[in-house]
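**Q** Pasting in a structure now, in structure tokens, and then I'll have a few things to ask.
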Amino acid sequence: MQHIRFFRDLTIEDVPSVGGKNASLGEMFSRLTPEGIQVPDGFAVTAAAYWHFIDANGLRDKLRGLLEKLDRLQFANLKETGAQARSLLLEATLPPDLAEAIRQAYRQLAGNDRDVSFAVRSSATAEDLPNASFAGQHESYLNVQGEEAVLKAVQRCFASLFTDRAIKYREDNGFDHMKVGLSAGVQRMVRSDLACSGIAFTIEPDSGFRDIILISGVHGLGENIVQGAVIPDEFYVFKPTLRAGKNPVVMKKLGEKAKTMVYAAEGSTENTINLETPPEKRRRFVLSDKEVHTLAEWSLRIEEHYGKPMDVEWAKDGQSGELFIVQARPETVVSRRNPYQLTEYKLTDKGKVLAKGQAVGNKITSGVARVLNSPSDSDKIQPGEILVTDITSPDWDPILKKAGAIVTNKGGRTSHASIVARELGVVAVVGTGNATQAVSNGQTITVSCAESEVGKVYDGALHWTERALDLSGIRMPRTAPMLIVADPDKAYKLSFYPNQGVGLMRLEFVINNAIRVHPMALARFDTVSDEAVRTEIEKITAGYDDKKQFFVERLAEAVATIACAFYPKDVIVRMSDFKTNEYAHLVGGQAFEPLEENPMLGFRGASRYYDDRYRDGFLLECAAMKKVRDEMGLTNVKLMIPFCRTVEEGRKVVSLMAENGLQRGVNGLEIYVMAEIPSNVILAEEFAKVFDGFSIGSNDLTQLTLGVDRDSDLIRHLFDENNDAVKYMIATVIQKARAAGVKIGLCGQAPSDYPAFAQFLVECGIGSISFNPDALLHGIENINLAESENVKDGMTGNDEINPAVRDNTFVKPAPITNRQWKEGDNEPVFFK
């Protein structure tokens, strides 16, 4: 009977002997360290040693009898049962042969290093299986020094098999208590107390998107991130560009990292203590880009080795500066869900926002708030009530399983509360900072995670709608259905919708929400004279000495996130199209924007880009797009110019972009133009020489064709995309684009609202139609219907264009010939 097994002698097949955690450590140490992945050495005290300990002290029958008395309906005596079971093990004695075997292994591992310390972790024999994760159910002990301390920690690990939460977990998952053994892993400590540590998921943990690695990190020991005691730094890494050798870090989020866990002073009753993190350390990322790259490569290799998404723990040694993998287990929650079966939630009214934090999941729920301070308050919460507390740990698990939602002051997306919420399928808002003060005990609240990455807690019981979606098996039409996307936080979820890419990504949403500062106020910060504005900009751009770099990185990260989500399909990014009144509302904007009587027809779109009043701001946009395409390798990003009034203006903008590293045709770059002004239609052949394609902006095209201000309530009833004149313009530009051999699509609501409009576009030969996410499925249905009608009529999408709709309500324009205008002619001739 083996009581001790060193990591070098273990593989993943040894789970029955040493549990999932230790078997995985042995697998990595023996198989992956030769590839350069660093795993601290150690040994496992086997499950056989645990049973030897149990039998040597005559504990089997005592434990079995104790557990038979457990109240399995209400679990009213869970605390008492757990305490008695743990006492039996803690008051027992390690058999002499087992104690000596541990001492011998300790001496072999420690060598002559008297200052060495160890982590002693529990590893259950039913742990980290594909259908169950015992993570956090048992105890681990850090900074354990000396033979006797290790012996004591091993025995305490044995006893932790009977924590209240572990007993309840086994009951909930159908495990026989007396058939689950426990192994204790003894592993050299990485001095992350002097550096940093964290977690890496090789799958995006909310959406289930499999091409992202999410690395989270905090200063000091990793318990703070596991417990959710702090908001960590986050690094999003894209696997395809990691493999391709490009910069794969598509987004970085700076966490507040308020606490740093370090070793306690010698002689202390505790092994570790939590200290306040100095402000200057909070403002720094815990990892360099190179270190993020290394951890991502290791995590990806671990995933490939195991053949499944993984939950990896890492640590950096502050003495040597080296990185280590200290644990890896299969991800057992989101990877098992079907991302194509989901429910869409949408609030139908709004209330007072009491607290905001990070959203976990995408649901909405309401109920009675129960503000609790301790796991001992479990009798105060009824099933379905909403738990509001400061922070959770595994001791809270029996309470969490009662809760209809979870709201915490502290924690991040990889904290204990977040992980359990995903496992239970309940909504959670973590890291609010103030929920326990903002929400009263017994108050009715609504918790929403359906609006964005920011979860909100509202006062009262609000109303919402739910729509079940089955995204699998949807028949895709020949006409490409694409998405209109603005919010990067929703990109990974939207990637599972049936689509052929993103037909329109608006930069305005990102500039308005993630940047918030006028681009020119960043490009020419030295000229900003208003002290209040300067102070606000300094606050927003904290951590960036170069204000321009703040804009470039934030914008690049947002675009890269959406590009990753839909890679390798096209993501067409429209350069900024704020009007002057909208730009003026950004921080510092009033000093750079003129006051216009009619901003809709004023200083907007392409006209801004080469003008000295905005040129420097546009160059920042160009720098961000170049970073996404060239540095990050996301060449599926295509660019689009809005509101381009003349062909000459188009040439100026394209030339300016080329001067700044964005040249058509280089590295596959395509530049499109919005067809939203009558001049774009009338001179479509000439615009097609300057650009690679068109996207019909039906709102502006309708407004300018009919002479209707779409912001005017007085004449809004005249705004109609189905008007014959508008449809004439659309049919004309589609035909001209096809004749010129360039791409053409349309972005708008009408094809999903009106089947006849979709029929009209299909018959005209449109290449793609882009929809808002909530209209996509209906839009695809309408396109399929239109295409099936065309088949009945003997038409296909490649037949000659017939712009007449089936009900004959649209007056067919005269056929448009191929371009007849030659250089030197006074005017183009469009009609025969």
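Ligands are numbered from 1 in the order shown, residues from 1 within each chain, and chains are lettered A, B, ... in the order they appear in the structure tokens.
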Could you list, as a ChimeraX atom specification, every residue within 10 Å of stretch 439-444 of chain A, counting only C-alpha atoms and ignoring same-chain residues fewer than 2 positions away?
**A** /A:354-355,366-372,385-389,407,434-437,446,457-462
**Q** If I take atom CA of A:Arg156 and atom CA of A:Leu90, how far is one from the other in Å, to one decimal?
**A**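 Interatomic distance, atom CA of A:Arg156 to atom CA of A:Leu90: 6.6 Å.
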**Q** For a test of reading the model, state the distance in Å between atom CA of A:Arg738 and atom CA of A:Pro773, rounded to one decimal.
**A** 27.3 Å
**Q** Excluding stretch 7-18 of chain A and its own-chain neighbours fewer than 6 positions away, which residues fall within 8 Å of it when counting only C-alpha atoms? Please give them as a PDB file with N, CA, C and O atoms, in the first residue's frame.
**A**
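Ended up saving to out-v3.pdb:
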```pdb
ATOM      1  N   SER A  24      -3.839  15.734 -11.541  1.00  0.00           N
ATOM      2  CA  SER A  24      -3.593  16.731 -12.570  1.00  0.00           C
ATOM      3  C   SER A  24      -2.215  17.369 -12.403  1.00  0.00           C
ATOM      4  O   SER A  24      -1.503  17.598 -13.389  1.00  0.00           O
ATOM      5  N   LEU A  25      -1.832  17.672 -11.166  1.00  0.00           N
ATOM      6  CA  LEU A  25      -0.501  18.220 -10.924  1.00  0.00           C
ATOM      7  C   LEU A  25       0.586  17.239 -11.374  1.00  0.00           C
ATOM      8  O   LEU A  25       1.586  17.631 -11.988  1.00  0.00           O
ATOM      9  N   GLY A  26       0.376  15.959 -11.074  1.00  0.00           N
ATOM     10  CA  GLY A  26       1.340  14.955 -11.504  1.00  0.00           C
ATOM     11  C   GLY A  26       1.399  14.837 -13.014  1.00  0.00           C
ATOM     12  O   GLY A  26       2.482  14.722 -13.606  1.00  0.00           O
ATOM     13  N   GLU A  27       0.229  14.879 -13.663  1.00  0.00           N
ATOM     14  CA  GLU A  27       0.174  14.821 -15.128  1.00  0.00           C
ATOM     15  C   GLU A  27       0.970  15.965 -15.748  1.00  0.00           C
ATOM     16  O   GLU A  27       1.764  15.766 -16.670  1.00  0.00           O
ATOM     17  N   MET A  28       0.754  17.169 -15.224  1.00  0.00           N
ATOM     18  CA  MET A  28       1.467  18.327 -15.781  1.00  0.00           C
ATOM     19  C   MET A  28       2.953  18.265 -15.465  1.00  0.00           C
ATOM     20  O   MET A  28       3.795  18.581 -16.323  1.00  0.00           O
ATOM     21  N   PHE A  29       3.285  17.870 -14.235  1.00  0.00           N
ATOM     22  CA  PHE A  29       4.702  17.833 -13.849  1.00  0.00           C
ATOM     23  C   PHE A  29       5.461  16.817 -14.695  1.00  0.00           C
ATOM     24  O   PHE A  29       6.578  17.086 -15.169  1.00  0.00           O
ATOM     25  N   SER A  30       4.853  15.667 -14.931  1.00  0.00           N
ATOM     26  CA  SER A  30       5.570  14.609 -15.643  1.00  0.00           C
ATOM     27  C   SER A  30       5.520  14.781 -17.158  1.00  0.00           C
ATOM     28  O   SER A  30       6.466  14.423 -17.863  1.00  0.00           O
ATOM     29  N   ASP A  41       7.343  21.358  -7.735  1.00  0.00           N
ATOM     30  CA  ASP A  41       7.433  19.942  -7.365  1.00  0.00           C
ATOM     31  C   ASP A  41       6.667  19.681  -6.074  1.00  0.00           C
ATOM     32  O   ASP A  41       6.390  20.590  -5.277  1.00  0.00           O
ATOM     33  N   GLY A  42       6.326  18.396  -5.864  1.00  0.00           N
ATOM     34  CA  GLY A  42       5.625  18.038  -4.645  1.00  0.00           C
ATOM     35  C   GLY A  42       5.324  16.554  -4.593  1.00  0.00           C
ATOM     36  O   GLY A  42       5.777  15.767  -5.433  1.00  0.00           O
ATOM     37  N   PHE A  43       4.548  16.176  -3.598  1.00  0.00           N
ATOM     38  CA  PHE A  43       4.128  14.780  -3.454  1.00  0.00           C
ATOM     39  C   PHE A  43       2.702  14.729  -2.925  1.00  0.00           C
ATOM     40  O   PHE A  43       2.173  15.727  -2.399  1.00  0.00           O
ATOM     41  N   ALA A  44       2.080  13.563  -3.103  1.00  0.00           N
ATOM     42  CA  ALA A  44       0.707  13.355  -2.637  1.00  0.00           C
ATOM     43  C   ALA A  44       0.701  12.331  -1.522  1.00  0.00           C
ATOM     44  O   ALA A  44       1.333  11.276  -1.623  1.00  0.00           O
ATOM     45  N   VAL A  45      -0.008  12.663  -0.440  1.00  0.00           N
ATOM     46  CA  VAL A  45      -0.354  11.675   0.583  1.00  0.00           C
ATOM     47  C   VAL A  45      -1.631  11.025   0.074  1.00  0.00           C
ATOM     48  O   VAL A  45      -2.657  11.690  -0.088  1.00  0.00           O
ATOM     49  N   THR A  46      -1.599   9.746  -0.227  1.00  0.00           N
ATOM     50  CA  THR A  46      -2.642   9.116  -1.034  1.00  0.00           C
ATOM     51  C   THR A  46      -3.951   8.921  -0.290  1.00  0.00           C
ATOM     52  O   THR A  46      -4.016   9.008   0.950  1.00  0.00           O
ATOM     53  N   ALA A  47      -4.993   8.597  -1.046  1.00  0.00           N
ATOM     54  CA  ALA A  47      -6.285   8.247  -0.447  1.00  0.00           C
ATOM     55  C   ALA A  47      -6.159   6.971   0.384  1.00  0.00           C
ATOM     56  O   ALA A  47      -6.852   6.813   1.403  1.00  0.00           O
ATOM     57  N   ALA A  48      -5.277   6.081  -0.051  1.00  0.00           N
ATOM     58  CA  ALA A  48      -5.050   4.864   0.745  1.00  0.00           C
ATOM     59  C   ALA A  48      -4.513   5.233   2.116  1.00  0.00           C
ATOM     60  O   ALA A  48      -4.861   4.605   3.136  1.00  0.00           O
ATOM     61  N   SER A 123      -7.334  17.035  -1.928  1.00  0.00           N
ATOM     62  CA  SER A 123      -7.657  16.536  -3.259  1.00  0.00           C
ATOM     63  C   SER A 123      -8.539  15.307  -3.098  1.00  0.00           C
ATOM     64  O   SER A 123      -8.063  14.209  -2.799  1.00  0.00           O
ATOM     65  N   ALA A 124      -9.861  15.506  -3.289  1.00  0.00           N
ATOM     66  CA  ALA A 124     -10.803  14.402  -3.076  1.00  0.00           C
ATOM     67  C   ALA A 124     -10.767  13.450  -4.259  1.00  0.00           C
ATOM     68  O   ALA A 124     -10.524  13.846  -5.402  1.00  0.00           O
ATOM     69  N   THR A 125     -11.029  12.169  -4.005  1.00  0.00           N
ATOM     70  CA  THR A 125     -10.970  11.170  -5.077  1.00  0.00           C
ATOM     71  C   THR A 125     -12.153  11.278  -6.023  1.00  0.00           C
ATOM     72  O   THR A 125     -12.174  10.620  -7.062  1.00  0.00           O
ATOM     73  N   ALA A 126     -13.144  12.106  -5.711  1.00  0.00           N
ATOM     74  CA  ALA A 126     -14.251  12.364  -6.647  1.00  0.00           C
ATOM     75  C   ALA A 126     -14.175  13.798  -7.161  1.00  0.00           C
ATOM     76  O   ALA A 126     -15.154  14.352  -7.613  1.00  0.00           O
ATOM     77  N   LEU A 182      -9.786  11.094   0.555  1.00  0.00           N
ATOM     78  CA  LEU A 182      -9.107  12.364   0.385  1.00  0.00           C
ATOM     79  C   LEU A 182      -7.601  12.176   0.384  1.00  0.00           C
ATOM     80  O   LEU A 182      -7.048  11.477   1.240  1.00  0.00           O
ATOM     81  N   SER A 183      -6.968  12.789  -0.592  1.00  0.00           N
ATOM     82  CA  SER A 183      -5.515  12.825  -0.680  1.00  0.00           C
ATOM     83  C   SER A 183      -5.068  14.245  -0.370  1.00  0.00           C
ATOM     84  O   SER A 183      -5.787  15.201  -0.660  1.00  0.00           O
ATOM     85  N   ALA A 184      -3.912  14.388   0.237  1.00  0.00           N
ATOM     86  CA  ALA A 184      -3.366  15.718   0.526  1.00  0.00           C
ATOM     87  C   ALA A 184      -2.118  15.931  -0.317  1.00  0.00           C
ATOM     88  O   ALA A 184      -1.207  15.096  -0.309  1.00  0.00           O
TER      89      ALA A 184
END
```
**Q** Tell me which of A:Ile641, A:Ala521, A:Ala296, A:Val326 sits closest to A:Asp211, counting only C-alpha atoms.
**A**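 Selected residue with least distance to A:Asp211: A:Ala296.
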**Q** Among the residues of stretch 453-564 of chain A, find those DSSP assigns to helix (DSSP H, G or I) from the backbone and print them as a PyMOL selection string.
**A** chain A and resi 488-494+507-515+519-523+525-527+531-540+547-564
**Q** Considering only strand (DSSP E) as DSSP defines it on the backbone, what residues of stretch 530-714 of chain A qualify? List them as a PyMOL selection string.
**A** chain A and resi 571-574+637-641+671-675+693-697
**Q** Please produce a file of those selected residues containing all heavy atoms, as a short mmCIF file (atom, residue, chain, number, x, y, z; two decimals), in the first residue's frame.
**A**
```
data_model
loop_
_atom_site.label_atom_id
_atom_site.label_comp_id
_atom_site.auth_asym_id
_atom_site.auth_seq_id
_atom_site.Cartn_x
_atom_site.Cartn_y
_atom_site.Cartn_z
N VAL A 571 -15.92 41.92 -40.10
CA VAL A 571 -16.49 42.89 -39.15
C VAL A 571 -16.24 44.27 -39.76
O VAL A 571 -15.11 44.72 -39.86
CB VAL A 571 -15.83 42.77 -37.76
CG1 VAL A 571 -16.28 43.92 -36.87
CG2 VAL A 571 -16.16 41.43 -37.12
N ILE A 572 -17.31 44.89 -40.21
CA ILE A 572 -17.20 46.18 -40.89
C ILE A 572 -17.37 47.30 -39.87
O ILE A 572 -18.45 47.46 -39.28
CB ILE A 572 -18.24 46.31 -42.02
CG1 ILE A 572 -18.04 45.17 -43.04
CG2 ILE A 572 -18.13 47.67 -42.71
CD1 ILE A 572 -19.10 45.11 -44.13
N VAL A 573 -16.30 48.02 -39.63
CA VAL A 573 -16.27 49.07 -38.61
C VAL A 573 -16.48 50.41 -39.29
O VAL A 573 -15.69 50.81 -40.16
CB VAL A 573 -14.92 49.07 -37.86
CG1 VAL A 573 -14.87 50.22 -36.85
CG2 VAL A 573 -14.70 47.73 -37.18
N ARG A 574 -17.54 51.10 -38.91
CA ARG A 574 -17.78 52.44 -39.44
C ARG A 574 -17.02 53.46 -38.60
O ARG A 574 -17.19 53.50 -37.38
CB ARG A 574 -19.28 52.76 -39.43
CG ARG A 574 -19.62 54.07 -40.14
CD ARG A 574 -21.11 54.36 -40.08
NE ARG A 574 -21.52 54.73 -38.73
CZ ARG A 574 -22.79 54.94 -38.37
NH1 ARG A 574 -23.76 54.78 -39.26
NH2 ARG A 574 -23.09 55.28 -37.13
N VAL A 637 -11.23 42.74 -39.90
CA VAL A 637 -11.78 44.08 -39.72
C VAL A 637 -11.68 44.85 -41.04
O VAL A 637 -10.59 45.01 -41.60
CB VAL A 637 -11.06 44.84 -38.59
CG1 VAL A 637 -11.43 46.32 -38.60
CG2 VAL A 637 -11.40 44.23 -37.24
N LYS A 638 -12.82 45.28 -41.53
CA LYS A 638 -12.90 46.15 -42.70
C LYS A 638 -13.40 47.51 -42.22
O LYS A 638 -14.05 47.61 -41.17
CB LYS A 638 -13.86 45.59 -43.76
CG LYS A 638 -13.73 44.07 -43.99
CD LYS A 638 -12.38 43.67 -44.52
CE LYS A 638 -12.32 42.16 -44.77
NZ LYS A 638 -11.00 41.71 -45.22
N LEU A 639 -13.14 48.56 -42.98
CA LEU A 639 -13.47 49.90 -42.53
C LEU A 639 -14.51 50.54 -43.46
O LEU A 639 -14.59 50.20 -44.65
CB LEU A 639 -12.22 50.76 -42.46
CG LEU A 639 -11.10 50.19 -41.57
CD1 LEU A 639 -9.88 51.10 -41.59
CD2 LEU A 639 -11.59 49.98 -40.14
N MET A 640 -15.28 51.46 -42.89
CA MET A 640 -16.34 52.11 -43.68
C MET A 640 -16.41 53.59 -43.33
O MET A 640 -16.32 53.97 -42.16
CB MET A 640 -17.68 51.44 -43.41
CG MET A 640 -18.82 51.97 -44.25
SD MET A 640 -20.15 50.76 -44.41
CE MET A 640 -20.70 50.64 -42.70
N ILE A 641 -16.60 54.39 -44.38
CA ILE A 641 -16.65 55.84 -44.23
C ILE A 641 -18.11 56.30 -44.32
O ILE A 641 -18.80 55.99 -45.29
CB ILE A 641 -15.82 56.54 -45.34
CG1 ILE A 641 -14.38 56.00 -45.32
CG2 ILE A 641 -15.84 58.05 -45.15
CD1 ILE A 641 -13.66 56.14 -44.01
N ILE A 671 -12.08 49.10 -47.82
CA ILE A 671 -12.71 50.30 -47.28
C ILE A 671 -14.01 50.53 -48.04
O ILE A 671 -14.02 50.62 -49.27
CB ILE A 671 -11.80 51.54 -47.41
CG1 ILE A 671 -10.46 51.30 -46.69
CG2 ILE A 671 -12.50 52.77 -46.83
CD1 ILE A 671 -9.47 52.44 -46.84
N TYR A 672 -15.10 50.58 -47.29
CA TYR A 672 -16.42 50.77 -47.88
C TYR A 672 -16.90 52.19 -47.61
O TYR A 672 -16.32 52.94 -46.84
CB TYR A 672 -17.42 49.77 -47.29
CG TYR A 672 -17.01 48.33 -47.44
CD1 TYR A 672 -16.69 47.55 -46.32
CD2 TYR A 672 -16.94 47.73 -48.69
CE1 TYR A 672 -16.31 46.23 -46.45
CE2 TYR A 672 -16.56 46.41 -48.83
CZ TYR A 672 -16.25 45.66 -47.71
OH TYR A 672 -15.87 44.35 -47.85
N VAL A 673 -17.99 52.54 -48.25
CA VAL A 673 -18.61 53.84 -48.02
C VAL A 673 -20.10 53.63 -47.78
O VAL A 673 -20.72 52.74 -48.37
CB VAL A 673 -18.37 54.79 -49.23
CG1 VAL A 673 -19.08 54.28 -50.48
CG2 VAL A 673 -18.82 56.21 -48.90
N MET A 674 -20.66 54.43 -46.90
CA MET A 674 -22.09 54.40 -46.68
C MET A 674 -22.79 55.04 -47.89
O MET A 674 -22.41 56.11 -48.33
CB MET A 674 -22.48 55.18 -45.43
CG MET A 674 -21.98 54.58 -44.13
SD MET A 674 -22.82 53.04 -43.66
CE MET A 674 -24.47 53.62 -43.29
N ALA A 675 -23.81 54.36 -48.42
CA ALA A 675 -24.64 54.94 -49.46
C ALA A 675 -25.88 55.50 -48.77
O ALA A 675 -26.88 54.80 -48.59
CB ALA A 675 -25.02 53.88 -50.49
N GLY A 693 -16.83 48.88 -51.75
CA GLY A 693 -18.22 48.50 -51.69
C GLY A 693 -19.05 49.54 -50.98
O GLY A 693 -18.55 50.58 -50.53
N PHE A 694 -20.37 49.26 -50.91
CA PHE A 694 -21.33 50.18 -50.32
C PHE A 694 -22.12 49.49 -49.21
O PHE A 694 -22.38 48.29 -49.27
CB PHE A 694 -22.34 50.65 -51.37
CG PHE A 694 -21.76 51.38 -52.54
CD1 PHE A 694 -21.35 50.70 -53.68
CD2 PHE A 694 -21.64 52.77 -52.51
CE1 PHE A 694 -20.84 51.37 -54.78
CE2 PHE A 694 -21.13 53.45 -53.61
CZ PHE A 694 -20.71 52.75 -54.74
N SER A 695 -22.52 50.27 -48.23
CA SER A 695 -23.52 49.83 -47.27
C SER A 695 -24.62 50.89 -47.26
O SER A 695 -24.35 52.06 -46.96
CB SER A 695 -22.92 49.68 -45.87
OG SER A 695 -23.93 49.31 -44.94
N ILE A 696 -25.82 50.49 -47.63
CA ILE A 696 -26.92 51.44 -47.72
C ILE A 696 -27.38 51.82 -46.32
O ILE A 696 -27.78 50.95 -45.54
CB ILE A 696 -28.09 50.84 -48.51
CG1 ILE A 696 -27.63 50.47 -49.93
CG2 ILE A 696 -29.26 51.83 -48.57
CD1 ILE A 696 -28.64 49.63 -50.70
N GLY A 697 -27.28 53.10 -45.99
CA GLY A 697 -27.80 53.61 -44.74
C GLY A 697 -29.21 54.13 -44.98
O GLY A 697 -29.39 55.27 -45.42
#
```
**Q** Name the closest residue to A:Val144 among the candidates A:Gln187, A:Thr527, A:Thr241, A:Asn513; distances are taken between atoms, counting only C-alpha atoms.
**A**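 With only C-alpha atoms as the atom set, the closest residue is A:Gln187.
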**Q** Dump as a Markdown table the rows for residues of stretch 149-239 of chain A within 12 Å of stretch 340-347 of chain A: closest atom pair and distance in Å with one decimal, only C-alpha atoms counted, ordered by chain and rising residue number.
**A**
```
| residue | atom | partner | partner_atom | distance |
| --- | --- | --- | --- | --- |
| A:Ser207 | CA | A:Tyr340 | CA | 10.4 |
| A:Gly208 | CA | A:Tyr340 | CA | 10.2 |
| A:Phe209 | CA | A:Tyr340 | CA | 11.2 |
```
**Q** What would the file look like if the residues just selected were written as a CSV table (one decimal), in the first residue's frame with N, CA, C and O atoms?
**A**
```csv
chain,number,residue,atom,x,y,z
A,207,SER,N,-20.2,33.4,-21.6
A,207,SER,CA,-20.9,33.1,-22.9
A,207,SER,C,-20.5,31.6,-23.3
A,207,SER,O,-21.3,31.0,-24.1
A,208,GLY,N,-19.4,31.1,-22.9
A,208,GLY,CA,-19.0,29.8,-23.4
A,208,GLY,C,-18.2,29.9,-24.7
A,208,GLY,O,-17.9,28.9,-25.4
A,209,PHE,N,-17.8,31.1,-25.1
A,209,PHE,CA,-17.0,31.3,-26.3
A,209,PHE,C,-15.6,30.7,-26.1
A,209,PHE,O,-14.9,31.0,-25.2
```
**Q** Using only C-alpha atoms, which protein or nucleic acid residues come within 8 Å of stretch 719-727 of chain A? Drop anything in the same chain fewer than 5 positions from it, and give the result as a count of residues only.
**A** 13
**Q** Kindly provide the residues of stretch 79-183 of chain A that approach stretch 254-275 of chain A to within 12 Å, each paired with its closest atom pair and their distance in Å to one decimal, based on only C-alpha atoms, listed by chain and increasing number, as JSON lines.
**A**
```
{"residue": "A:Asp115", "atom": "CA", "partner": "A:Glu266", "partner_atom": "CA", "distance": 11.8}
{"residue": "A:Ser117", "atom": "CA", "partner": "A:Tyr263", "partner_atom": "CA", "distance": 10.4}
{"residue": "A:Phe118", "atom": "CA", "partner": "A:Asn271", "partner_atom": "CA", "distance": 11.2}
{"residue": "A:Ala119", "atom": "CA", "partner": "A:Asn271", "partner_atom": "CA", "distance": 10.8}
{"residue": "A:Ser140", "atom": "CA", "partner": "A:Asn271", "partner_atom": "CA", "distance": 11.5}
{"residue": "A:Tyr141", "atom": "CA", "partner": "A:Asn271", "partner_atom": "CA", "distance": 8.1}
{"residue": "A:Leu142", "atom": "CA", "partner": "A:Asn271", "partner_atom": "CA", "distance": 6.7}
{"residue": "A:Asn143", "atom": "CA", "partner": "A:Asn271", "partner_atom": "CA", "distance": 6.0}
{"residue": "A:Val144", "atom": "CA", "partner": "A:Asn271", "partner_atom": "CA", "distance": 7.3}
{"residue": "A:Gln145", "atom": "CA", "partner": "A:Asn271", "partner_atom": "CA", "distance": 9.5}
{"residue": "A:Ala149", "atom": "CA", "partner": "A:Asn271", "partner_atom": "CA", "distance": 10.9}
{"residue": "A:Ala153", "atom": "CA", "partner": "A:Asn271", "partner_atom": "CA", "distance": 11.5}
```
**Q** Write out as a PyMOL selection string the residues lying within 9 Å of A:Thr93, counting only C-alpha atoms and excluding same-chain residues fewer than 3 positions away.
**A** chain A and resi 53+56-57+89-90+96+155
**Q** Go ahead and write the residues just picked, all heavy atoms, as an mmCIF file, in the first residue's frame.
**A**
```cif
data_model
loop_
_atom_site.group_PDB
_atom_site.id
_atom_site.type_symbol
_atom_site.label_atom_id
_atom_site.label_comp_id
_atom_site.auth_asym_id
_atom_site.auth_seq_id
_atom_site.Cartn_x
_atom_site.Cartn_y
_atom_site.Cartn_z
ATOM 1 N N PHE A 53 -5.474 5.922 7.914
ATOM 2 C CA PHE A 53 -5.670 6.804 9.074
ATOM 3 C C PHE A 53 -7.053 6.563 9.697
ATOM 4 O O PHE A 53 -7.197 6.450 10.929
ATOM 5 C CB PHE A 53 -5.519 8.260 8.621
ATOM 6 C CG PHE A 53 -6.067 9.285 9.565
ATOM 7 C CD1 PHE A 53 -5.416 9.588 10.755
ATOM 8 C CD2 PHE A 53 -7.243 9.968 9.264
ATOM 9 C CE1 PHE A 53 -5.926 10.552 11.633
ATOM 10 C CE2 PHE A 53 -7.753 10.932 10.123
ATOM 11 C CZ PHE A 53 -7.093 11.218 11.315
ATOM 12 N N ALA A 56 -7.065 2.975 11.292
ATOM 13 C CA ALA A 56 -6.180 2.867 12.452
ATOM 14 C C ALA A 56 -6.804 3.500 13.691
ATOM 15 O O ALA A 56 -6.485 3.109 14.826
ATOM 16 C CB ALA A 56 -4.832 3.527 12.150
ATOM 17 N N ASN A 57 -7.699 4.442 13.487
ATOM 18 C CA ASN A 57 -8.374 5.106 14.609
ATOM 19 C C ASN A 57 -9.813 4.638 14.802
ATOM 20 O O ASN A 57 -10.547 5.211 15.623
ATOM 21 C CB ASN A 57 -8.365 6.617 14.377
ATOM 22 C CG ASN A 57 -6.981 7.234 14.562
ATOM 23 O OD1 ASN A 57 -6.558 7.536 15.675
ATOM 24 N ND2 ASN A 57 -6.258 7.411 13.446
ATOM 25 N N LEU A 89 -11.884 13.318 13.406
ATOM 26 C CA LEU A 89 -10.627 13.214 12.661
ATOM 27 C C LEU A 89 -9.525 14.054 13.287
ATOM 28 O O LEU A 89 -8.353 13.652 13.304
ATOM 29 C CB LEU A 89 -10.839 13.629 11.199
ATOM 30 C CG LEU A 89 -11.329 12.509 10.265
ATOM 31 C CD1 LEU A 89 -12.793 12.153 10.551
ATOM 32 C CD2 LEU A 89 -11.183 12.930 8.803
ATOM 33 N N LEU A 90 -9.873 15.229 13.806
ATOM 34 C CA LEU A 90 -8.850 16.107 14.367
ATOM 35 C C LEU A 90 -8.315 15.576 15.695
ATOM 36 O O LEU A 90 -7.160 15.843 16.056
ATOM 37 C CB LEU A 90 -9.414 17.512 14.553
ATOM 38 C CG LEU A 90 -9.707 18.282 13.252
ATOM 39 C CD1 LEU A 90 -10.437 19.578 13.557
ATOM 40 C CD2 LEU A 90 -8.403 18.573 12.501
ATOM 41 N N PRO A 96 1.945 5.879 13.110
ATOM 42 C CA PRO A 96 3.389 6.154 13.077
ATOM 43 C C PRO A 96 4.025 5.905 11.714
ATOM 44 O O PRO A 96 4.877 6.681 11.271
ATOM 45 C CB PRO A 96 3.952 5.203 14.139
ATOM 46 C CG PRO A 96 2.804 5.000 15.088
ATOM 47 C CD PRO A 96 1.581 5.003 14.247
ATOM 48 N N GLN A 155 -3.391 16.340 8.351
ATOM 49 C CA GLN A 155 -4.511 15.837 9.145
ATOM 50 C C GLN A 155 -5.716 16.784 9.056
ATOM 51 O O GLN A 155 -6.861 16.340 8.989
ATOM 52 C CB GLN A 155 -4.091 15.648 10.596
ATOM 53 C CG GLN A 155 -5.178 14.981 11.453
ATOM 54 C CD GLN A 155 -4.654 14.511 12.799
ATOM 55 O OE1 GLN A 155 -3.449 14.497 13.044
ATOM 56 N NE2 GLN A 155 -5.560 14.114 13.676
#
```
